[in-house]
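input15.txt (compact mmCIF, N, CA and C atoms) appears below.
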```txt
# COMPACT_ATOMS: atom_id res chain seq x y z
N MET Z 1 -31.41 29.50 -45.83
CA MET Z 1 -31.51 29.74 -44.40
C MET Z 1 -31.43 28.42 -43.62
N LYS Z 2 -32.12 27.41 -44.17
CA LYS Z 2 -32.08 26.11 -43.50
C LYS Z 2 -30.66 25.57 -43.48
N ARG Z 3 -29.92 25.82 -44.56
CA ARG Z 3 -28.54 25.35 -44.62
C ARG Z 3 -27.67 26.04 -43.58
N VAL Z 4 -27.89 27.30 -43.35
CA VAL Z 4 -27.13 28.06 -42.36
C VAL Z 4 -27.42 27.53 -40.97
N ILE Z 5 -28.68 27.32 -40.65
CA ILE Z 5 -29.07 26.79 -39.33
C ILE Z 5 -28.47 25.40 -39.17
N PHE Z 6 -28.58 24.55 -40.18
CA PHE Z 6 -28.01 23.21 -40.13
C PHE Z 6 -26.50 23.28 -39.91
N PHE Z 7 -25.83 24.16 -40.64
CA PHE Z 7 -24.38 24.33 -40.52
C PHE Z 7 -24.00 24.78 -39.10
N VAL Z 8 -24.72 25.74 -38.55
CA VAL Z 8 -24.44 26.25 -37.20
C VAL Z 8 -24.66 25.16 -36.17
N LEU Z 9 -25.75 24.41 -36.28
CA LEU Z 9 -26.02 23.32 -35.35
C LEU Z 9 -24.95 22.23 -35.45
N ALA Z 10 -24.56 21.88 -36.66
CA ALA Z 10 -23.52 20.87 -36.86
C ALA Z 10 -22.19 21.34 -36.28
N LEU Z 11 -21.90 22.61 -36.46
CA LEU Z 11 -20.66 23.17 -35.92
C LEU Z 11 -20.67 23.15 -34.39
N LEU Z 12 -21.79 23.55 -33.80
CA LEU Z 12 -21.91 23.52 -32.34
C LEU Z 12 -21.79 22.10 -31.80
N LEU Z 13 -22.43 21.16 -32.45
CA LEU Z 13 -22.36 19.77 -32.03
C LEU Z 13 -20.93 19.25 -32.12
N ALA Z 14 -20.26 19.58 -33.19
CA ALA Z 14 -18.88 19.13 -33.37
C ALA Z 14 -17.96 19.73 -32.31
N LEU Z 15 -18.15 20.99 -32.00
CA LEU Z 15 -17.29 21.65 -31.01
C LEU Z 15 -17.53 21.14 -29.60
N THR Z 16 -18.77 20.89 -29.24
CA THR Z 16 -19.05 20.40 -27.89
C THR Z 16 -18.70 18.94 -27.75
N GLY Z 17 -18.75 18.19 -28.80
CA GLY Z 17 -18.43 16.77 -28.74
C GLY Z 17 -16.95 16.48 -28.69
N CYS Z 18 -16.12 17.42 -29.03
CA CYS Z 18 -14.67 17.20 -29.09
C CYS Z 18 -13.96 17.66 -27.83
N GLY Z 19 -14.67 18.20 -26.89
CA GLY Z 19 -14.03 18.68 -25.66
C GLY Z 19 -13.55 17.54 -24.80
N GLN Z 20 -12.69 17.85 -23.84
CA GLN Z 20 -12.21 16.87 -22.88
C GLN Z 20 -13.34 16.48 -21.95
N PRO Z 21 -13.48 15.20 -21.65
CA PRO Z 21 -14.51 14.81 -20.68
C PRO Z 21 -14.16 15.36 -19.31
N GLU Z 22 -15.18 15.74 -18.59
CA GLU Z 22 -14.93 16.26 -17.24
C GLU Z 22 -14.58 15.13 -16.32
N GLN Z 23 -13.66 15.39 -15.39
CA GLN Z 23 -13.24 14.39 -14.45
C GLN Z 23 -14.16 14.44 -13.25
N SER Z 24 -14.66 13.30 -12.85
CA SER Z 24 -15.52 13.27 -11.67
C SER Z 24 -14.67 13.44 -10.43
N ALA Z 25 -15.31 13.76 -9.33
CA ALA Z 25 -14.58 13.95 -8.07
C ALA Z 25 -13.87 12.68 -7.66
N ASN Z 26 -14.44 11.52 -7.95
CA ASN Z 26 -13.83 10.26 -7.56
C ASN Z 26 -12.57 9.97 -8.36
N GLU Z 27 -12.49 10.42 -9.59
CA GLU Z 27 -11.32 10.14 -10.42
C GLU Z 27 -10.10 10.93 -9.96
N SER Z 28 -10.30 12.10 -9.39
CA SER Z 28 -9.16 12.91 -8.98
C SER Z 28 -8.76 12.64 -7.54
N ALA Z 29 -9.58 11.95 -6.80
CA ALA Z 29 -9.28 11.66 -5.40
C ALA Z 29 -8.25 10.54 -5.32
N PRO Z 30 -7.39 10.55 -4.29
CA PRO Z 30 -6.44 9.46 -4.15
C PRO Z 30 -7.17 8.15 -3.88
N ALA Z 31 -6.55 7.07 -4.29
CA ALA Z 31 -7.16 5.76 -4.11
C ALA Z 31 -7.25 5.41 -2.63
N GLU Z 32 -8.41 4.93 -2.24
CA GLU Z 32 -8.58 4.47 -0.88
C GLU Z 32 -8.32 2.98 -0.85
N ASN Z 33 -8.26 2.42 0.35
CA ASN Z 33 -8.06 0.99 0.51
C ASN Z 33 -6.79 0.51 -0.17
N THR Z 34 -5.71 1.19 0.12
CA THR Z 34 -4.43 0.78 -0.42
C THR Z 34 -3.35 1.01 0.63
N TYR Z 35 -2.22 0.43 0.40
CA TYR Z 35 -1.07 0.63 1.29
C TYR Z 35 -0.08 1.53 0.59
N GLN Z 36 0.90 2.02 1.36
CA GLN Z 36 1.93 2.86 0.76
C GLN Z 36 3.23 2.07 0.69
N GLN Z 37 3.90 2.19 -0.43
CA GLN Z 37 5.21 1.58 -0.57
C GLN Z 37 6.25 2.64 -0.24
N ILE Z 38 7.18 2.30 0.66
CA ILE Z 38 8.21 3.24 1.07
C ILE Z 38 9.58 2.57 0.92
N THR Z 39 10.61 3.38 1.01
CA THR Z 39 11.97 2.84 0.93
C THR Z 39 12.37 2.25 2.28
N GLN Z 40 13.43 1.47 2.25
CA GLN Z 40 13.93 0.92 3.50
C GLN Z 40 14.47 2.03 4.41
N GLU Z 41 15.01 3.07 3.82
CA GLU Z 41 15.51 4.20 4.60
C GLU Z 41 14.35 4.90 5.31
N GLU Z 42 13.24 5.09 4.60
CA GLU Z 42 12.06 5.70 5.22
C GLU Z 42 11.52 4.82 6.34
N ALA Z 43 11.52 3.51 6.11
CA ALA Z 43 11.05 2.58 7.13
C ALA Z 43 11.92 2.67 8.38
N LYS Z 44 13.23 2.71 8.19
CA LYS Z 44 14.15 2.80 9.33
C LYS Z 44 13.93 4.09 10.11
N GLU Z 45 13.72 5.20 9.41
CA GLU Z 45 13.43 6.47 10.08
C GLU Z 45 12.15 6.37 10.89
N MET Z 46 11.13 5.74 10.33
CA MET Z 46 9.87 5.59 11.05
C MET Z 46 10.05 4.71 12.28
N MET Z 47 10.86 3.67 12.16
CA MET Z 47 11.13 2.79 13.30
C MET Z 47 11.84 3.55 14.41
N ASP Z 48 12.76 4.42 14.03
CA ASP Z 48 13.55 5.16 15.00
C ASP Z 48 12.78 6.32 15.64
N ASP Z 49 11.83 6.91 14.89
CA ASP Z 49 11.19 8.14 15.34
C ASP Z 49 9.79 7.98 15.91
N SER Z 50 9.15 6.84 15.71
CA SER Z 50 7.78 6.72 16.19
C SER Z 50 7.45 5.30 16.63
N ASP Z 51 6.29 5.18 17.21
CA ASP Z 51 5.80 3.89 17.69
C ASP Z 51 5.12 3.17 16.53
N VAL Z 52 5.78 2.18 16.00
CA VAL Z 52 5.27 1.43 14.85
C VAL Z 52 5.27 -0.05 15.16
N ILE Z 53 4.49 -0.79 14.40
CA ILE Z 53 4.53 -2.25 14.46
C ILE Z 53 5.30 -2.71 13.23
N ILE Z 54 6.35 -3.48 13.46
CA ILE Z 54 7.15 -4.03 12.36
C ILE Z 54 6.64 -5.45 12.14
N LEU Z 55 6.17 -5.73 10.94
CA LEU Z 55 5.54 -7.01 10.67
C LEU Z 55 6.32 -7.80 9.63
N ASP Z 56 6.81 -8.96 10.05
CA ASP Z 56 7.51 -9.90 9.18
C ASP Z 56 6.49 -10.91 8.70
N VAL Z 57 6.30 -11.04 7.39
CA VAL Z 57 5.27 -11.94 6.87
C VAL Z 57 5.85 -13.20 6.23
N ARG Z 58 7.10 -13.53 6.60
CA ARG Z 58 7.72 -14.76 6.11
C ARG Z 58 7.26 -15.93 6.98
N GLU Z 59 7.84 -17.10 6.77
CA GLU Z 59 7.53 -18.28 7.56
C GLU Z 59 8.40 -18.32 8.82
N GLN Z 60 8.00 -19.14 9.79
CA GLN Z 60 8.69 -19.21 11.08
C GLN Z 60 10.18 -19.51 10.93
N ASP Z 61 10.55 -20.48 10.09
CA ASP Z 61 11.96 -20.82 9.95
C ASP Z 61 12.77 -19.67 9.37
N GLU Z 62 12.18 -18.89 8.46
CA GLU Z 62 12.87 -17.72 7.91
C GLU Z 62 13.05 -16.66 8.99
N PHE Z 63 12.01 -16.46 9.78
CA PHE Z 63 12.05 -15.49 10.88
C PHE Z 63 13.14 -15.88 11.87
N ASP Z 64 13.19 -17.17 12.21
CA ASP Z 64 14.19 -17.67 13.16
C ASP Z 64 15.61 -17.51 12.63
N GLY Z 65 15.77 -17.50 11.31
CA GLY Z 65 17.08 -17.32 10.70
C GLY Z 65 17.59 -15.89 10.74
N GLY Z 66 16.75 -14.94 11.07
CA GLY Z 66 17.14 -13.54 11.18
C GLY Z 66 15.97 -12.64 10.83
N HIS Z 67 15.77 -11.63 11.67
CA HIS Z 67 14.67 -10.69 11.45
C HIS Z 67 15.04 -9.32 11.99
N ILE Z 68 14.26 -8.33 11.61
CA ILE Z 68 14.49 -6.97 12.08
C ILE Z 68 14.13 -6.91 13.57
N PRO Z 69 14.98 -6.30 14.39
CA PRO Z 69 14.69 -6.23 15.83
C PRO Z 69 13.31 -5.64 16.11
N GLY Z 70 12.58 -6.32 16.98
CA GLY Z 70 11.26 -5.86 17.37
C GLY Z 70 10.14 -6.31 16.45
N ALA Z 71 10.47 -7.05 15.39
CA ALA Z 71 9.45 -7.48 14.43
C ALA Z 71 8.56 -8.56 15.02
N ALA Z 72 7.30 -8.51 14.64
CA ALA Z 72 6.33 -9.56 14.99
C ALA Z 72 6.14 -10.43 13.75
N LEU Z 73 5.92 -11.71 13.97
CA LEU Z 73 5.74 -12.65 12.87
C LEU Z 73 4.26 -12.88 12.59
N LEU Z 74 3.86 -12.73 11.34
CA LEU Z 74 2.51 -13.06 10.88
C LEU Z 74 2.65 -13.53 9.44
N PRO Z 75 2.88 -14.84 9.23
CA PRO Z 75 3.07 -15.34 7.87
C PRO Z 75 1.91 -14.97 6.95
N VAL Z 76 2.25 -14.58 5.73
CA VAL Z 76 1.25 -14.08 4.79
C VAL Z 76 0.10 -15.06 4.59
N GLY Z 77 0.37 -16.35 4.59
CA GLY Z 77 -0.66 -17.35 4.37
C GLY Z 77 -1.62 -17.53 5.53
N THR Z 78 -1.30 -16.92 6.66
CA THR Z 78 -2.15 -17.07 7.85
C THR Z 78 -2.95 -15.81 8.17
N ILE Z 79 -2.86 -14.80 7.32
CA ILE Z 79 -3.51 -13.53 7.64
C ILE Z 79 -5.03 -13.65 7.50
N THR Z 80 -5.70 -13.47 8.62
CA THR Z 80 -7.15 -13.36 8.69
C THR Z 80 -7.44 -12.18 9.61
N GLU Z 81 -8.68 -11.81 9.72
CA GLU Z 81 -9.02 -10.71 10.62
C GLU Z 81 -8.62 -11.06 12.06
N GLU Z 82 -8.83 -12.30 12.46
CA GLU Z 82 -8.51 -12.73 13.82
C GLU Z 82 -7.00 -12.80 14.07
N SER Z 83 -6.25 -13.40 13.13
CA SER Z 83 -4.80 -13.52 13.34
C SER Z 83 -4.14 -12.15 13.31
N ALA Z 84 -4.62 -11.26 12.44
CA ALA Z 84 -4.05 -9.92 12.38
C ALA Z 84 -4.35 -9.15 13.67
N ALA Z 85 -5.55 -9.29 14.20
CA ALA Z 85 -5.93 -8.58 15.43
C ALA Z 85 -5.07 -9.01 16.61
N ALA Z 86 -4.59 -10.25 16.60
CA ALA Z 86 -3.73 -10.72 17.69
C ALA Z 86 -2.38 -10.01 17.68
N VAL Z 87 -1.92 -9.60 16.51
CA VAL Z 87 -0.62 -8.94 16.37
C VAL Z 87 -0.79 -7.43 16.27
N ILE Z 88 -1.87 -6.99 15.65
CA ILE Z 88 -2.13 -5.56 15.42
C ILE Z 88 -3.53 -5.24 15.96
N PRO Z 89 -3.64 -4.97 17.26
CA PRO Z 89 -4.97 -4.79 17.85
C PRO Z 89 -5.75 -3.58 17.33
N GLU Z 90 -5.06 -2.50 17.00
CA GLU Z 90 -5.74 -1.28 16.54
C GLU Z 90 -5.60 -1.15 15.04
N LYS Z 91 -6.72 -0.99 14.35
CA LYS Z 91 -6.69 -0.93 12.88
C LYS Z 91 -6.06 0.34 12.34
N ASP Z 92 -5.85 1.35 13.19
CA ASP Z 92 -5.19 2.58 12.73
C ASP Z 92 -3.72 2.64 13.15
N SER Z 93 -3.19 1.53 13.66
CA SER Z 93 -1.77 1.47 14.00
C SER Z 93 -0.92 1.62 12.75
N VAL Z 94 0.26 2.20 12.92
CA VAL Z 94 1.21 2.29 11.82
C VAL Z 94 1.94 0.95 11.75
N VAL Z 95 1.83 0.28 10.60
CA VAL Z 95 2.40 -1.05 10.42
C VAL Z 95 3.37 -1.04 9.25
N LEU Z 96 4.60 -1.46 9.52
CA LEU Z 96 5.65 -1.57 8.50
C LEU Z 96 5.80 -3.04 8.14
N VAL Z 97 5.58 -3.40 6.89
CA VAL Z 97 5.52 -4.79 6.47
C VAL Z 97 6.71 -5.14 5.57
N TYR Z 98 7.33 -6.29 5.87
CA TYR Z 98 8.42 -6.77 5.02
C TYR Z 98 8.40 -8.28 4.93
N CYS Z 99 9.14 -8.82 3.97
CA CYS Z 99 9.32 -10.26 3.82
C CYS Z 99 10.77 -10.51 3.42
N ARG Z 100 11.03 -11.49 2.56
CA ARG Z 100 12.40 -11.75 2.13
C ARG Z 100 12.80 -10.83 0.99
N SER Z 101 11.94 -10.77 -0.06
CA SER Z 101 12.32 -10.01 -1.25
C SER Z 101 11.35 -8.89 -1.62
N GLY Z 102 10.18 -8.85 -1.00
CA GLY Z 102 9.22 -7.80 -1.29
C GLY Z 102 7.94 -8.27 -1.96
N ASN Z 103 7.87 -9.52 -2.37
CA ASN Z 103 6.66 -10.02 -3.02
C ASN Z 103 5.56 -10.34 -2.01
N ARG Z 104 5.88 -11.15 -1.01
CA ARG Z 104 4.88 -11.52 0.00
C ARG Z 104 4.42 -10.32 0.81
N SER Z 105 5.33 -9.36 1.02
CA SER Z 105 4.94 -8.18 1.80
C SER Z 105 3.89 -7.35 1.07
N LYS Z 106 3.93 -7.32 -0.24
CA LYS Z 106 2.90 -6.62 -1.02
C LYS Z 106 1.55 -7.33 -0.88
N VAL Z 107 1.56 -8.64 -0.99
CA VAL Z 107 0.33 -9.43 -0.84
C VAL Z 107 -0.24 -9.25 0.56
N ALA Z 108 0.63 -9.33 1.56
CA ALA Z 108 0.19 -9.18 2.95
C ALA Z 108 -0.34 -7.78 3.22
N SER Z 109 0.32 -6.77 2.69
CA SER Z 109 -0.12 -5.39 2.88
C SER Z 109 -1.52 -5.19 2.32
N GLN Z 110 -1.76 -5.71 1.13
CA GLN Z 110 -3.08 -5.58 0.53
C GLN Z 110 -4.13 -6.34 1.35
N ALA Z 111 -3.77 -7.50 1.84
CA ALA Z 111 -4.70 -8.28 2.67
C ALA Z 111 -5.07 -7.51 3.94
N LEU Z 112 -4.09 -6.86 4.56
CA LEU Z 112 -4.37 -6.08 5.77
C LEU Z 112 -5.28 -4.90 5.46
N VAL Z 113 -5.04 -4.24 4.35
CA VAL Z 113 -5.90 -3.12 3.94
C VAL Z 113 -7.33 -3.61 3.72
N GLU Z 114 -7.46 -4.75 3.09
CA GLU Z 114 -8.79 -5.28 2.78
C GLU Z 114 -9.58 -5.66 4.02
N ILE Z 115 -8.90 -5.95 5.13
CA ILE Z 115 -9.64 -6.25 6.36
C ILE Z 115 -9.76 -5.03 7.27
N GLY Z 116 -9.34 -3.87 6.77
CA GLY Z 116 -9.65 -2.64 7.47
C GLY Z 116 -8.50 -1.86 8.08
N TYR Z 117 -7.27 -2.31 7.92
CA TYR Z 117 -6.14 -1.56 8.46
C TYR Z 117 -5.86 -0.35 7.56
N THR Z 118 -5.53 0.77 8.18
CA THR Z 118 -5.48 2.03 7.43
C THR Z 118 -4.10 2.65 7.28
N ASN Z 119 -3.11 2.21 8.03
CA ASN Z 119 -1.77 2.82 7.97
C ASN Z 119 -0.71 1.76 7.70
N ILE Z 120 -0.82 1.15 6.55
CA ILE Z 120 0.09 0.06 6.17
C ILE Z 120 1.16 0.60 5.23
N TYR Z 121 2.42 0.30 5.57
CA TYR Z 121 3.57 0.73 4.78
C TYR Z 121 4.40 -0.50 4.43
N GLU Z 122 4.59 -0.75 3.15
CA GLU Z 122 5.36 -1.90 2.69
C GLU Z 122 6.74 -1.40 2.27
N PHE Z 123 7.80 -2.08 2.76
CA PHE Z 123 9.14 -1.60 2.43
C PHE Z 123 10.06 -2.68 1.88
N GLY Z 124 9.50 -3.73 1.31
CA GLY Z 124 10.32 -4.68 0.59
C GLY Z 124 10.80 -5.85 1.42
N GLY Z 125 12.05 -6.25 1.17
CA GLY Z 125 12.56 -7.47 1.76
C GLY Z 125 13.80 -7.30 2.60
N ILE Z 126 13.95 -8.25 3.51
CA ILE Z 126 15.09 -8.24 4.41
C ILE Z 126 16.38 -8.60 3.67
N SER Z 127 16.26 -9.19 2.50
CA SER Z 127 17.46 -9.58 1.75
C SER Z 127 18.32 -8.37 1.37
N THR Z 128 17.72 -7.19 1.31
CA THR Z 128 18.48 -5.98 1.00
C THR Z 128 18.48 -4.99 2.16
N TRP Z 129 18.06 -5.42 3.33
CA TRP Z 129 17.99 -4.55 4.52
C TRP Z 129 19.41 -4.22 4.99
N PRO Z 130 19.80 -2.95 4.96
CA PRO Z 130 21.18 -2.60 5.29
C PRO Z 130 21.42 -2.33 6.78
N TYR Z 131 20.40 -2.54 7.59
CA TYR Z 131 20.50 -2.21 9.01
C TYR Z 131 20.55 -3.49 9.84
N GLU Z 132 20.46 -3.32 11.13
CA GLU Z 132 20.61 -4.43 12.09
C GLU Z 132 19.57 -5.53 11.88
N VAL Z 133 20.02 -6.76 12.05
CA VAL Z 133 19.17 -7.95 12.01
C VAL Z 133 19.51 -8.77 13.24
N GLU Z 134 18.50 -9.34 13.88
CA GLU Z 134 18.75 -10.21 15.04
C GLU Z 134 18.24 -11.62 14.76
N GLN Z 135 18.81 -12.56 15.51
CA GLN Z 135 18.38 -13.96 15.35
C GLN Z 135 17.80 -14.49 16.63
```
Please, can you express the file's structure as structure tokens?
Amino acid sequence: MKRVIFFVLALLLALTGCGQPEQSANESAPAENTYQQITQEEAKEMMDDSDVIILDVREQDEFDGGHIPGAALLPVGTITEESAAAVIPEKDSVVLVYCRSGNRSKVASQALVEIGYTNIYEFGGISTWPYEVEQ
């Protein structure tokens, strides 16, 4: 009888221990404090259809060499809460971020998210921008 009880308990323990762990509510929720990466086509549609801030995070000389019409300059190395607020006064503004190739724009997008901006969209670099550029 003791062997049967031991066998049943061992079987129950084995069956309950092999199940899939339950996912907590936080694991299934989308990540907060992040930016969205979009295509250049999506960025262009957003520029054409809504009121957005276009943010160029390259250096001044690169910006002067050509930039997307209407873009504001905020070099990635200068992003602080104060410098960002001068260009993007509302933290819930829709902001489209780009650089030359897409590396600095990712860094800048994350920096903006970390200081509280909530609608940041990164779309890569101007080097592959197929639309209008002004100097």
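By chain and then residue number, the residues within 8 Å of Gly125 (chain Z) are Gln40, Val97, Tyr98, Cys99, Arg100, Ser101, Gly102, Asn103 and Ser105 of chain Z, counting all atoms listed in the file and disregarding those fewer than 6 positions away in sequence.
For the choices Z:Val52, Z:Glu45, Z:Ser93, Z:Leu112, the atom-to-atom distance to Gly77 (chain Z) is smallest for Z:Leu112 when using only C-alpha atoms.
Residues surrounding region 61-73 of chain Z within 7 Å are Ile53, Ile54, Leu55, Asp56, Val57, Glu132, Val133, Glu134 and Gln135 of chain Z [all atoms listed in the file; sequence separation below 4 positions excluded].
Distance check against Val76 (chain Z) using all atoms listed in the file: of Z:Glu42, Z:Glu90, Z:Asp48, Z:Glu59, the minimum falls on Z:Glu59.
Straight-line separation from atom C of Asn33 (chain Z) to atom C of Val107 (chain Z): 11.8 Å.
In this structure, atom N of Tyr131 (chain Z) sits 25.3 Å away from atom N of Ala111 (chain Z).
Taking atom N of Val94 (chain Z) as the reference point, atom N of Asn119 (chain Z) is found at 5.9 Å.
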Nearby residues (only N, CA and C atoms) at most 8 Å from Asp92 (chain Z), same-chain spacing under 3 positions excluded, as a ChimeraX atom specification | /Z:88-89,95,116-120
Between Z:Met46, Z:Pro75, Z:Gln36, Z:Glu81, which one has atoms that come closest to Arg58 (chain Z), using all atoms listed in the file?
-> Z:Pro75
DSSP strand (DSSP E or B) residues within region 25-86 of chain Z, listed as a PyMOL selection string = chain Z and resi 36-37+53-56+67+72-73
Please identify all polymer residues within 10 Å of Thr39 (chain Z), counting only C-alpha atoms, omitting same-chain residues fewer than 4 positions from it, and present them as a tab-separated table (two decimals) with N, CA and C atoms, in the coordinates of the input.
```tsv
chain	number	residue	atom	x	y	z
Z	43	ALA	N	11.52	3.51	6.11
Z	43	ALA	CA	11.05	2.58	7.13
Z	43	ALA	C	11.92	2.67	8.38
Z	44	LYS	N	13.23	2.71	8.19
Z	44	LYS	CA	14.15	2.80	9.33
Z	44	LYS	C	13.93	4.09	10.11
Z	45	GLU	N	13.72	5.20	9.41
Z	45	GLU	CA	13.43	6.47	10.08
Z	45	GLU	C	12.15	6.37	10.89
Z	121	TYR	N	2.42	0.30	5.57
Z	121	TYR	CA	3.57	0.73	4.78
Z	121	TYR	C	4.40	-0.50	4.43
Z	122	GLU	N	4.59	-0.75	3.15
Z	122	GLU	CA	5.36	-1.90	2.69
Z	122	GLU	C	6.74	-1.40	2.27
Z	123	PHE	N	7.80	-2.08	2.76
Z	123	PHE	CA	9.14	-1.60	2.43
Z	123	PHE	C	10.06	-2.68	1.88
Z	124	GLY	N	9.50	-3.73	1.31
Z	124	GLY	CA	10.32	-4.68	0.59
Z	124	GLY	C	10.80	-5.85	1.42
```
Looking only at the backbone, which of the residues in region 24-93 of chain Z does DSSP tag as alpha helix (DSSP H), as an MDAnalysis selection string?
-> chainID Z and resid 25:28 40:49 60:64 81:87
Might I get the box with edges along x, y and z of the file that holds all atoms of region 84-87 of chain Z listed there, padded by 5 Å on every side, given as centre and edge lengths in Å to one decimal, as JSON?
```
{"center_x": -3.3, "center_y": -9.3, "center_z": 15.0, "size_x": 15.3, "size_y": 13.8, "size_z": 15.3}
```
